[in-house]
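Here is the file my_file_28.cif (mmCIF, C-alpha atoms).
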```
data_start
loop_
_atom_site.label_atom_id
_atom_site.label_comp_id
_atom_site.auth_asym_id
_atom_site.auth_seq_id
_atom_site.Cartn_x
_atom_site.Cartn_y
_atom_site.Cartn_z
CA MET A 2 -21.47 82.64 98.65
CA ALA A 3 -21.06 79.82 96.22
CA ASP A 4 -17.71 80.99 95.11
CA ILE A 5 -14.68 78.96 95.77
CA ASP A 6 -11.68 80.86 96.76
CA VAL A 7 -9.18 80.13 94.08
CA SER A 8 -6.88 83.00 94.69
CA GLY A 9 -3.33 82.37 95.67
CA GLY A 10 -2.15 82.46 99.20
CA ASP A 11 -0.83 85.97 98.98
CA SER A 12 -3.76 87.84 97.58
CA GLY A 13 -6.33 87.23 100.28
CA HIS A 14 -5.08 87.71 103.77
CA LYS A 15 -1.60 88.80 104.28
CA LYS A 16 0.50 86.73 106.54
CA GLY A 17 3.10 88.01 108.72
CA PRO A 18 6.71 88.12 107.62
CA GLY A 19 7.66 85.12 109.74
CA VAL A 20 5.05 82.79 108.27
CA LYS A 21 6.50 80.47 105.72
CA LYS A 22 4.77 80.20 102.39
CA ALA A 23 3.71 76.63 101.61
CA LYS A 24 5.63 75.53 98.61
CA LYS A 25 3.38 74.72 95.71
CA LEU A 26 4.17 71.31 94.32
CA SER A 27 3.52 70.57 90.72
CA THR A 28 0.74 68.03 90.22
CA ARG A 29 2.34 66.75 87.05
CA VAL A 30 3.68 63.25 87.21
CA ASP A 31 6.25 61.92 84.86
CA MET A 32 4.33 59.39 82.82
CA THR A 33 7.25 57.95 80.87
CA PRO A 34 7.95 54.85 82.99
CA MET A 35 4.27 54.05 83.01
CA VAL A 36 4.12 54.22 79.24
CA ASP A 37 7.20 52.04 79.03
CA LEU A 38 5.57 49.42 81.17
CA GLY A 39 2.33 49.70 79.25
CA PHE A 40 3.96 49.03 75.93
CA LEU A 41 6.06 46.26 77.33
CA LEU A 42 2.89 44.47 78.38
CA ILE A 43 1.24 45.19 75.04
CA THR A 44 4.11 43.55 73.19
CA PHE A 45 3.92 40.59 75.51
CA PHE A 46 0.23 40.10 74.91
CA ILE A 47 0.52 40.60 71.16
CA PHE A 48 3.04 37.81 70.97
CA THR A 49 1.18 35.38 73.16
CA THR A 50 -2.21 36.02 71.60
CA THR A 51 -3.76 33.48 69.31
CA MET A 52 -6.22 35.60 67.46
CA SER A 53 -7.99 33.28 65.12
CA THR A 54 -9.80 30.44 66.76
CA PRO A 55 -9.34 27.35 64.65
CA SER A 56 -12.22 26.22 62.53
CA THR A 57 -13.37 22.70 61.97
CA MET A 58 -14.15 21.03 58.72
CA ALA A 59 -16.60 18.19 58.88
CA LEU A 60 -15.63 15.11 56.93
CA MET A 61 -17.72 12.06 56.43
CA MET A 62 -16.27 8.89 55.10
CA PRO A 63 -18.39 6.13 53.66
CA LYS A 64 -18.79 2.81 55.35
CA ASP A 65 -17.23 -0.19 53.76
CA ASP A 66 -20.23 -1.66 52.08
CA ILE A 67 -19.93 -5.29 51.32
CA ASN A 68 -23.21 -5.78 49.55
CA LYS A 69 -23.19 -4.46 46.03
CA GLU A 70 -26.66 -2.92 46.13
CA ASP A 71 -25.69 -0.25 48.62
CA GLN A 72 -22.72 0.93 46.66
CA THR A 73 -23.14 4.10 44.71
CA GLU A 74 -22.72 3.71 41.04
CA VAL A 75 -20.93 6.40 39.19
CA LYS A 76 -21.56 7.33 35.61
CA GLU A 77 -18.36 7.34 33.68
CA SER A 78 -19.23 10.54 31.89
CA GLY A 79 -19.65 12.42 35.15
CA ALA A 80 -16.53 11.24 36.93
CA LEU A 81 -13.47 13.35 37.44
CA THR A 82 -10.52 11.72 39.12
CA ILE A 83 -7.94 13.92 40.74
CA LEU A 84 -4.58 12.44 41.62
CA LEU A 85 -2.35 14.15 44.12
CA GLY A 86 1.39 13.75 43.85
CA LYS A 87 4.33 15.41 45.52
CA GLY A 88 3.42 18.94 44.57
CA ASN A 89 1.26 18.78 41.53
CA VAL A 90 -2.20 17.69 40.67
CA TYR A 91 -3.08 15.26 37.91
CA TYR A 92 -6.50 14.43 36.67
CA TYR A 93 -8.43 12.45 34.14
CA GLU A 94 -12.06 12.34 33.16
CA GLY A 95 -14.06 9.14 33.12
CA GLN A 96 -11.83 6.13 33.12
CA LEU A 97 -8.11 6.15 32.65
CA ASP A 98 -7.36 4.68 29.27
CA ALA A 99 -4.69 2.05 28.91
CA ALA A 100 -2.14 4.30 27.25
CA GLY A 101 -2.80 7.11 29.70
CA ALA A 102 -3.83 9.49 26.93
CA ASN A 103 -6.44 11.31 29.00
CA PHE A 104 -4.07 11.75 31.92
CA LYS A 105 -3.40 15.45 32.36
CA SER A 106 -1.24 17.56 34.63
CA SER A 107 -2.48 20.58 36.44
CA ASN A 108 -1.70 22.53 39.58
CA PHE A 109 -3.58 23.70 42.64
CA LYS A 110 -4.64 26.93 41.01
CA ASP A 111 -5.84 25.61 37.68
CA ILE A 112 -7.65 22.59 39.04
CA ARG A 113 -10.52 24.82 40.16
CA GLN A 114 -11.31 25.70 36.57
CA VAL A 115 -11.10 22.05 35.60
CA ILE A 116 -13.68 21.19 38.27
CA ILE A 117 -15.96 24.07 37.25
CA ASP A 118 -15.73 23.12 33.56
CA LYS A 119 -16.45 19.49 34.25
CA ARG A 120 -19.47 20.42 36.34
CA LYS A 121 -20.81 22.61 33.55
CA GLN A 122 -20.27 19.81 31.10
CA VAL A 123 -22.20 17.37 33.29
CA ILE A 124 -25.03 19.88 33.72
CA ALA A 125 -25.18 20.42 29.96
CA ALA A 126 -25.41 16.70 29.31
CA HIS A 127 -28.16 16.26 31.85
CA TYR A 128 -31.13 14.22 30.83
CA HIS A 129 -34.30 15.25 32.60
CA THR A 130 -36.41 12.75 34.54
CA PRO A 131 -39.37 13.11 36.93
CA ALA A 132 -37.22 11.87 39.80
CA CYS A 133 -34.94 14.77 39.12
CA GLU A 134 -37.78 17.24 39.39
CA GLU A 135 -38.52 15.96 42.84
CA ILE A 136 -34.97 16.67 43.96
CA GLN A 137 -35.15 20.12 42.44
CA ASN A 138 -38.38 20.99 44.21
CA LYS A 139 -37.07 19.75 47.50
CA TRP A 140 -33.98 21.87 47.07
CA LYS A 141 -36.07 24.88 46.23
CA GLU A 142 -38.09 24.38 49.37
CA ASN A 143 -35.03 24.22 51.57
CA HIS A 144 -33.08 26.96 49.80
CA PRO A 145 -35.78 29.41 48.71
CA ARG A 146 -33.33 32.11 47.75
CA ASP A 147 -31.03 30.06 45.57
CA PRO A 148 -31.39 31.15 41.95
CA ASN A 149 -29.56 28.03 40.75
CA TRP A 150 -32.03 25.64 42.29
CA LYS A 151 -32.37 23.83 39.00
CA ASP A 152 -28.75 22.71 39.28
CA ALA A 153 -29.62 20.74 42.39
CA CYS A 154 -30.27 17.64 40.43
CA LYS A 155 -28.60 18.39 37.15
CA ASP A 156 -25.18 17.83 38.62
CA LYS A 157 -26.13 14.62 40.37
CA ASP A 158 -23.95 12.58 38.06
CA PHE A 159 -20.94 14.71 38.84
CA VAL A 160 -18.54 12.86 41.10
CA VAL A 161 -15.02 13.81 42.00
CA VAL A 162 -12.68 11.10 43.14
CA ILE A 163 -9.62 12.22 45.04
CA LYS A 164 -6.67 9.88 45.10
CA PRO A 165 -3.62 11.06 46.99
CA ASN A 166 -0.46 9.00 46.66
CA SER A 167 2.00 8.47 49.47
CA ASP A 168 4.04 11.54 48.52
CA ALA A 169 1.08 13.87 48.81
CA SER A 170 1.13 16.06 51.87
CA TYR A 171 -1.73 16.48 54.31
CA LYS A 172 -1.99 20.11 53.28
CA ASN A 173 -2.55 19.18 49.66
CA THR A 174 -5.18 16.66 50.63
CA ILE A 175 -7.04 19.20 52.74
CA ASP A 176 -6.72 21.82 50.03
CA MET A 177 -8.36 19.46 47.61
CA LEU A 178 -11.16 18.60 50.03
CA ASP A 179 -11.59 22.32 50.56
CA GLU A 180 -11.79 22.80 46.82
CA MET A 181 -14.84 20.54 46.90
CA THR A 182 -16.53 22.90 49.34
CA ILE A 183 -15.47 25.94 47.36
CA ASN A 184 -16.91 24.61 44.14
CA GLY A 185 -20.01 23.13 45.70
CA VAL A 186 -19.23 19.58 44.69
CA LYS A 187 -21.82 17.50 46.45
CA ARG A 188 -20.42 14.09 45.71
CA PHE A 189 -16.80 13.31 46.18
CA ALA A 190 -14.81 10.42 47.50
CA MET A 191 -11.32 9.96 48.75
CA ILE A 192 -9.86 6.61 47.93
CA ASP A 193 -6.50 4.94 47.54
CA ILE A 194 -4.53 5.38 44.38
CA THR A 195 -4.11 2.32 42.20
CA GLU A 196 -0.75 0.89 41.26
CA ASP A 197 -1.01 2.00 37.62
CA GLU A 198 -2.06 5.51 38.49
CA ASN A 199 0.71 5.86 41.02
CA LYS A 200 3.26 4.77 38.43
CA LEU A 201 1.92 7.29 35.97
CA VAL A 202 2.13 10.09 38.54
CA GLN A 203 5.66 9.15 39.50
CA LEU A 204 6.82 8.91 35.90
CA THR A 205 5.37 12.33 35.13
CA GLU A 206 7.02 13.78 38.19
CA GLN A 207 10.36 12.26 37.27
CA SER A 208 10.30 13.58 33.75
CA ALA A 209 9.28 16.99 35.05
CA SER A 210 12.23 17.10 37.43
CA ASN A 211 14.66 15.96 34.73
CA LYS A 212 13.75 18.82 32.46
CA MET B 15 15.87 96.60 64.46
CA PRO B 16 13.40 95.20 66.86
CA SER B 17 14.17 91.67 67.71
CA VAL B 18 11.37 89.15 67.71
CA LYS B 19 11.08 87.33 70.92
CA ILE B 20 10.44 83.65 70.51
CA PRO B 21 8.69 82.37 73.54
CA ARG B 22 10.44 79.47 75.09
CA LYS B 23 8.30 76.42 75.10
CA SER B 24 8.73 73.50 77.36
CA THR B 25 9.89 70.30 75.66
CA ALA B 26 7.91 68.12 78.01
CA THR B 27 4.88 66.71 76.22
CA ASP B 28 1.75 65.73 77.93
CA MET B 29 1.89 61.95 77.97
CA THR B 30 -1.58 61.37 79.34
CA PRO B 31 -3.47 60.67 76.07
CA PHE B 32 -0.63 58.43 75.01
CA VAL B 33 -0.92 56.44 78.19
CA ASP B 34 -4.66 56.27 77.74
CA VAL B 35 -4.32 54.72 74.33
CA ALA B 36 -1.57 52.37 75.43
CA PHE B 37 -3.63 51.02 78.26
CA LEU B 38 -6.70 50.73 76.11
CA ILE B 39 -4.80 48.51 73.71
CA LEU B 40 -3.35 46.63 76.61
CA ALA B 41 -6.78 46.00 78.07
CA PHE B 42 -7.97 44.76 74.68
CA PHE B 43 -5.15 42.29 74.30
CA MET B 44 -5.48 41.04 77.82
CA LEU B 45 -9.13 40.27 77.28
CA ALA B 46 -8.68 38.86 73.79
CA THR B 47 -5.81 36.59 74.73
CA LYS B 48 -6.43 32.95 75.09
CA PHE B 49 -3.34 31.17 76.14
CA LYS B 50 -2.23 28.27 74.06
CA PRO B 51 -2.14 25.15 76.15
CA PRO B 52 1.42 23.95 76.40
CA SER B 53 1.93 21.14 73.97
CA PRO B 54 4.96 19.01 73.23
CA ILE B 55 3.87 18.76 69.63
CA GLN B 56 4.28 21.50 67.08
CA ILE B 57 1.53 21.45 64.52
CA THR B 58 0.66 24.02 61.90
CA THR B 59 -2.73 23.21 60.54
CA PRO B 60 -3.69 23.75 56.90
CA LYS B 61 -6.24 26.35 55.91
CA SER B 62 -9.80 25.79 54.83
CA VAL B 63 -12.78 27.96 53.99
CA SER B 64 -14.89 26.26 56.63
CA SER B 65 -16.55 28.71 58.98
CA ASP B 66 -17.52 26.38 61.80
CA LYS B 67 -15.72 27.41 64.93
CA LEU B 68 -13.98 24.92 67.12
CA LYS B 69 -15.91 24.36 70.31
CA GLN B 70 -14.90 22.97 73.65
CA GLN B 71 -16.53 19.58 73.78
CA ASP B 72 -16.02 15.98 74.71
CA ALA B 73 -13.71 14.82 72.02
CA VAL B 74 -11.05 12.44 70.96
CA VAL B 75 -8.34 14.60 69.46
CA ILE B 76 -5.95 12.84 67.14
CA GLU B 77 -2.93 14.83 66.11
CA PHE B 78 -0.12 14.04 63.76
CA ASP B 79 2.95 16.14 63.18
CA SER B 80 5.16 16.67 60.15
CA THR B 81 7.23 13.56 60.89
CA GLY B 82 4.11 11.41 60.97
CA ARG B 83 3.97 10.74 64.70
CA VAL B 84 0.40 10.24 65.85
CA PHE B 85 -0.90 11.40 69.22
CA PHE B 86 -4.09 10.67 71.07
CA THR B 87 -5.78 12.98 73.56
CA LEU B 88 -9.09 12.61 75.30
CA GLN B 89 -10.53 15.99 75.96
CA THR B 90 -13.56 16.51 78.15
CA GLU B 91 -15.75 19.55 78.21
CA LYS B 92 -16.11 19.48 81.98
CA MET B 93 -14.02 17.92 84.68
CA GLN B 94 -16.80 16.32 86.64
CA GLU B 95 -16.50 13.06 88.46
CA ASP B 96 -18.41 11.28 85.70
CA ASP B 97 -15.96 12.50 83.05
CA LEU B 98 -12.99 11.52 85.19
CA ASN B 99 -14.42 8.07 85.72
CA ARG B 100 -14.86 7.61 81.99
CA LYS B 101 -11.27 8.63 81.38
CA ARG B 102 -10.12 6.28 84.11
CA GLN B 103 -12.12 3.48 82.54
CA LEU B 104 -10.50 4.14 79.16
CA LEU B 105 -6.95 3.81 80.35
CA ALA B 106 -7.77 0.95 82.69
CA ASN B 107 -9.32 -0.99 79.83
CA VAL B 108 -6.45 -0.36 77.45
CA SER B 109 -3.99 -1.23 80.18
CA LYS B 110 -5.77 -4.50 80.83
CA ASP B 111 -6.23 -5.43 77.16
CA ARG B 112 -2.68 -4.73 76.19
CA ASN B 113 -0.90 -5.58 79.44
CA LEU B 114 0.52 -2.13 79.90
CA GLY B 115 0.89 -2.70 83.63
CA LEU B 116 -0.09 0.80 84.68
CA SER B 117 -0.64 1.48 88.36
CA GLY B 118 -3.87 2.89 89.78
CA ALA B 119 -2.14 6.17 90.54
CA GLN B 120 -1.02 6.51 86.94
CA ILE B 121 -4.52 5.88 85.67
CA ASP B 122 -5.78 8.47 88.10
CA GLU B 123 -3.21 10.93 86.84
CA PHE B 124 -4.37 10.39 83.28
CA ALA B 125 -7.94 11.13 84.32
CA LYS B 126 -7.12 14.33 86.15
CA MET B 127 -4.53 15.86 83.85
CA PRO B 128 -4.71 16.59 80.15
CA ILE B 129 -2.23 13.95 79.11
CA THR B 130 -1.49 13.19 75.48
CA ILE B 131 -0.57 9.65 74.60
CA GLY B 132 2.08 9.45 71.94
CA SER B 133 3.83 6.16 72.44
CA PRO B 134 3.40 2.63 71.21
CA PHE B 135 1.93 0.27 73.80
CA ASN B 136 5.30 -1.06 74.94
CA GLU B 137 6.44 2.41 75.93
CA VAL B 138 3.31 3.77 77.59
CA LYS B 139 4.39 2.42 80.97
CA SER B 140 7.82 4.04 80.82
CA PHE B 141 6.18 7.28 79.74
CA PHE B 142 3.98 7.29 82.82
CA ASP B 143 6.95 6.32 85.00
CA VAL B 144 8.65 9.62 84.21
CA PRO B 145 7.58 12.30 86.73
CA ILE B 146 5.09 14.68 85.20
CA ASP B 147 7.34 17.72 85.24
CA ARG B 148 10.03 15.93 83.27
CA ARG B 149 7.83 14.35 80.60
CA GLY B 150 8.70 17.09 78.14
CA THR B 151 12.00 15.38 77.51
CA PHE B 152 10.52 11.95 76.97
CA ALA B 153 11.07 10.86 73.38
CA LEU B 154 7.62 10.21 71.97
CA LYS B 155 7.59 7.84 69.06
CA GLY B 156 3.95 8.29 68.18
CA ILE B 157 1.21 5.70 68.12
CA PRO B 158 1.71 3.25 65.24
CA VAL B 159 -1.03 3.54 62.60
CA ASP B 160 0.32 1.37 59.80
CA SER B 161 -2.00 -1.27 58.45
CA ALA B 162 -0.10 -4.13 60.07
CA ASP B 163 -0.28 -2.69 63.57
CA ASN B 164 -2.82 0.07 63.91
CA GLN B 165 -2.73 0.68 67.66
CA LEU B 166 -4.78 3.84 67.37
CA THR B 167 -7.79 1.61 66.76
CA THR B 168 -7.52 0.25 70.31
CA TRP B 169 -7.44 3.75 71.77
CA ILE B 170 -10.41 4.97 69.78
CA THR B 171 -12.48 1.86 70.37
CA ASN B 172 -11.90 2.03 74.11
CA ALA B 173 -12.67 5.75 74.20
CA LYS B 174 -15.89 4.94 72.46
CA ILE B 175 -16.73 2.27 75.02
CA ALA B 176 -15.83 4.55 77.93
CA PHE B 177 -18.04 7.33 76.59
CA ALA B 178 -20.98 5.10 75.76
CA GLY B 179 -24.23 7.02 76.11
CA LYS B 180 -22.53 10.37 75.70
CA LYS B 181 -21.77 12.24 72.53
CA LEU B 182 -18.13 11.96 71.68
CA ASN B 183 -16.67 13.96 68.82
CA TYR B 184 -13.67 13.01 66.80
CA MET B 185 -11.20 15.64 65.77
CA ILE B 186 -8.19 15.28 63.58
CA LYS B 187 -5.45 17.85 63.65
CA GLY B 188 -2.66 17.33 61.19
CA ASP B 189 0.41 19.26 60.20
CA ASN B 190 0.74 20.86 56.77
CA ASN B 191 3.82 18.86 55.93
CA ALA B 192 2.61 15.51 57.14
CA LYS B 193 2.33 12.93 54.41
CA TYR B 194 -0.92 11.39 53.30
CA PRO B 195 -0.14 7.89 54.72
CA SER B 196 -0.35 9.15 58.31
CA PHE B 197 -3.71 10.73 57.56
CA LYS B 198 -4.80 7.53 55.92
CA GLY B 199 -3.67 5.54 58.95
CA VAL B 200 -5.80 7.73 61.19
CA ILE B 201 -8.83 7.36 58.91
CA GLU B 202 -8.24 3.64 58.83
CA ALA B 203 -8.22 3.49 62.63
CA MET B 204 -11.52 5.39 62.64
CA ARG B 205 -12.98 3.04 60.10
CA ARG B 206 -11.97 0.03 62.14
CA SER B 207 -13.63 1.55 65.20
CA ASP B 208 -16.75 2.09 63.13
CA GLU B 209 -16.60 5.88 63.20
CA TYR B 210 -17.13 7.70 59.94
CA LYS B 211 -17.86 11.26 60.91
CA TYR B 212 -15.16 13.54 62.14
CA GLN B 213 -13.91 17.07 62.15
CA LEU B 214 -10.64 18.26 60.77
CA ILE B 215 -9.13 21.16 62.64
CA THR B 216 -8.02 23.88 60.26
CA ASP B 217 -7.22 27.57 60.15
CA PRO B 218 -9.95 29.74 58.71
CA GLU B 219 -9.46 31.39 55.36
CA GLY B 220 -11.64 33.50 53.08
CA VAL B 221 -13.66 32.01 50.26
CA PRO B 222 -12.36 33.09 46.84
CA PRO B 223 -14.90 35.41 45.19
CA GLY B 224 -16.83 34.15 42.21
CA THR B 225 -16.89 30.52 43.27
CA ALA B 226 -19.98 28.46 43.98
CA GLU B 227 -19.44 28.56 47.75
CA TYR B 228 -19.00 32.32 47.65
CA THR B 229 -22.35 32.86 45.94
CA ARG B 230 -24.00 30.38 48.27
CA ARG B 231 -22.86 32.29 51.31
CA GLN B 232 -23.98 35.57 49.81
CA ILE B 233 -27.44 34.19 49.19
CA GLU B 234 -27.77 32.79 52.66
CA ASN B 235 -26.68 35.91 54.45
#
```

Reformat the file's structure so that it appears as structure tokens.
Amino acid sequence: MADIDVSGGDSGHKKGPGVKKAKKLSTRVDMTPMVDLGFLLITFFIFTTTMSTPSTMALMMPKDDINKEDQTEVKESGALTILLGKGNVYYYEGQLDAAGANFKSSNFKDIRQVIIDKRKQVIAAHYHTPACEEIQNKWKENHPRDPNWKDACKDKDFVVVIKPNSDASYKNTIDMLDEMTINGVKRFAMIDITEDENKLVQLTEQSASNK
Amino acid sequence: MPSVKIPRKSTATDMTPFVDVAFLILAFFMLATKFKPPSPIQITTPKSVSSDKLKQQDAVVIEFDSTGRVFFTLQTEKMQEDDLNRKRQLLANVSKDRNLGLSGAQIDEFAKMPITIGSPFNEVKSFFDVPIDRRGTFALKGIPVDSADNQLTTWITNAKIAFAGKKLNYMIKGDNNAKYPSFKGVIEAMRRSDEYKYQLITDPEGVPPGTAEYTRRQIEN
């Protein structure tokens, strides 16, 4: 009853000798051209695809404050100035001395350690005040899972000043700003290089290329 | 000796699973693809660890390429009549202030099409005079941003006026090999227009393990 007759044409009812047998066509289709087309399209889409959507990096620049009271004062002991030249990074701590003795060369890889070390040094030299405790508690409230909540105020004297010269590329500048995010530097500024500093950078670069 | 009969096998393979996979991948790429808008400017952005994704929003996009040419684009999230009017107002105001002498049709074109301005004021008119399909060959000199003649300021200030009462974002997209002075010129133009908060468009990159930011992200997730 429910069976479907699957038997071939011959087995069931015999046909007469004059009746032509219907030719059985293969149901198989040659897939090769289809695959060809498929892969062609895949290659096309792979090449046109932009996979990573660009990200944005927020940057806030300070206003030009004319009145002195609003300007942030920076403790000399907590300042790290990073100078960007053609390809290298130069830095000094505190203020640049007249002879340029504390002017040091570095590169984009090593500067991270310099920043980390300087931050540790500032934290170690921290002098505790009640105002500081307030900042710490506020930080703890907002970031309840941060085990380093005590650092919130201890590094408040730590300021990085970035000074690119006119040879510095945009990439280097962004890399340095990114380094601030990477190392959790809360206070940093990007300002113009001074004449003396620029000279020092250029002289160092010249002597490096002459070697 | 009895000979072993090796059955003859057909060399035709069944392609069906292969096709299945191929079309699956194809479907994936078709859906994942977002076509790059055609742009006359080639810019490779630097990388940063920032994880904020770029959104489609009302924004002033300032681009500068490796040779230091600066371009200005006003991008709107929607293309509603209000947005078009604001764009029209921007170009009309600049045209009036700086005697560009643009016609009403040209201002209308600017409002309706995503047009990037990349010429000093004295060449804006000739840029718009070129039919739109042949603008690709127009030699763009870039908007001057040097301290003596920072024309970008005019563009930003007028964009700000045109978008009064609406949130306008500022985005800067620079090329890896651009020099710092062009970046500085752009920042200077922003400063003069009294805008201090902006977004730099970058390519995402992973945070190096062991750093402060890395631990911070681990704690917060």

Atom CA of B:Ser64 to atom CA of A:Thr54: how many Å, to one decimal?
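A separation of 12.1 Å between them.
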
Go through chain A residue by residue and, counting all atoms listed in the file, keep those with an atom at most 9 Å from chain B; for each kept residue give the shortest atom pair and its distance in Å to one decimal, ordered by chain and increasing number, as a tab-separated table.
```
residue	atom	partner	partner_atom	distance
A:Asp31	CA	B:Met29	CA	8.2
A:Met32	CA	B:Met29	CA	6.0
A:Thr33	CA	B:Met29	CA	7.3
A:Met35	CA	B:Val33	CA	7.5
A:Val36	CA	B:Val33	CA	5.6
A:Gly39	CA	B:Ala36	CA	6.1
A:Phe40	CA	B:Ala36	CA	6.5
A:Leu42	CA	B:Leu40	CA	6.8
A:Ile43	CA	B:Leu40	CA	5.1
A:Thr44	CA	B:Leu40	CA	8.8
A:Phe46	CA	B:Phe43	CA	5.8
A:Ile47	CA	B:Phe43	CA	6.7
A:Thr49	CA	B:Phe49	CA	6.9
A:Thr50	CA	B:Thr47	CA	4.8
A:Thr51	CA	B:Lys48	CA	6.4
A:Met52	CA	B:Thr47	CA	7.3
A:Ser53	CA	B:Pro218	CA	7.6
A:Thr54	CA	B:Lys67	CA	6.9
A:Pro55	CA	B:Asp217	CA	5.0
A:Ser56	CA	B:Lys67	CA	4.4
A:Thr57	CA	B:Ile215	CA	4.6
A:Met58	CA	B:Leu214	CA	4.9
A:Ala59	CA	B:Gln213	CA	4.4
A:Leu60	CA	B:Tyr212	CA	5.5
A:Met61	CA	B:Lys211	CA	4.6
A:Met62	CA	B:Tyr210	CA	5.1
A:Pro63	CA	B:Tyr210	CA	6.6
A:Lys64	CA	B:Tyr210	CA	6.9
A:Asp65	CA	B:Arg205	CA	8.3
A:Ile117	CA	B:Thr225	CA	8.9
A:His144	CA	B:Glu234	CA	8.4
A:Arg146	CA	B:Ile233	CA	6.4
A:Asp147	CA	B:Ile233	CA	6.6
A:Pro148	CA	B:Ile233	CA	8.8
A:Pro165	CA	B:Tyr194	CA	6.9
A:Asn166	CA	B:Tyr194	CA	7.1
A:Ser167	CA	B:Tyr194	CA	5.6
A:Asp168	CA	B:Lys193	CA	6.3
A:Ala169	CA	B:Tyr194	CA	5.5
A:Ser170	CA	B:Lys193	CA	4.2
A:Tyr171	CA	B:Tyr194	CA	5.3
A:Lys172	CA	B:Asn190	CA	4.5
A:Asn173	CA	B:Asn190	CA	8.0
A:Thr174	CA	B:Tyr194	CA	7.3
A:Ile175	CA	B:Pro60	CA	7.0
A:Asp176	CA	B:Ser62	CA	6.9
A:Leu178	CA	B:Ser62	CA	8.8
A:Asp179	CA	B:Ser62	CA	5.8
A:Glu180	CA	B:Ser62	CA	8.8
A:Thr182	CA	B:Glu227	CA	6.6
A:Ile183	CA	B:Glu227	CA	4.8
A:Asn184	CA	B:Ala226	CA	4.9
A:Gly185	CA	B:Ala226	CA	5.6
A:Val186	CA	B:Ala226	CA	8.9
A:Asp193	CA	B:Lys198	CA	8.9
```

For atom CA of A:Leu201 and atom CA of A:Glu77, the interatomic separation in Å (one decimal):
20.4 Å

Can you measure atom CA of A:Cys154 to atom CA of A:Glu142 for me? One decimal in Å is fine.
13.7 Å

Determine, counting all atoms listed in the file, every residue of protein, DNA or RNA that lies within 6 Å of (-2.5, 10.8, 72.8) in the file coordinates, then give the result as a compact mmCIF listing (two decimals) with C-alpha atoms, keeping the file's coordinate frame.
```
# COMPACT_ATOMS: atom_id res chain seq x y z
CA PHE B 85 -0.90 11.40 69.22
CA PHE B 86 -4.09 10.67 71.07
CA THR B 87 -5.78 12.98 73.56
CA THR B 130 -1.49 13.19 75.48
CA ILE B 131 -0.57 9.65 74.60
CA GLY B 132 2.08 9.45 71.94
```
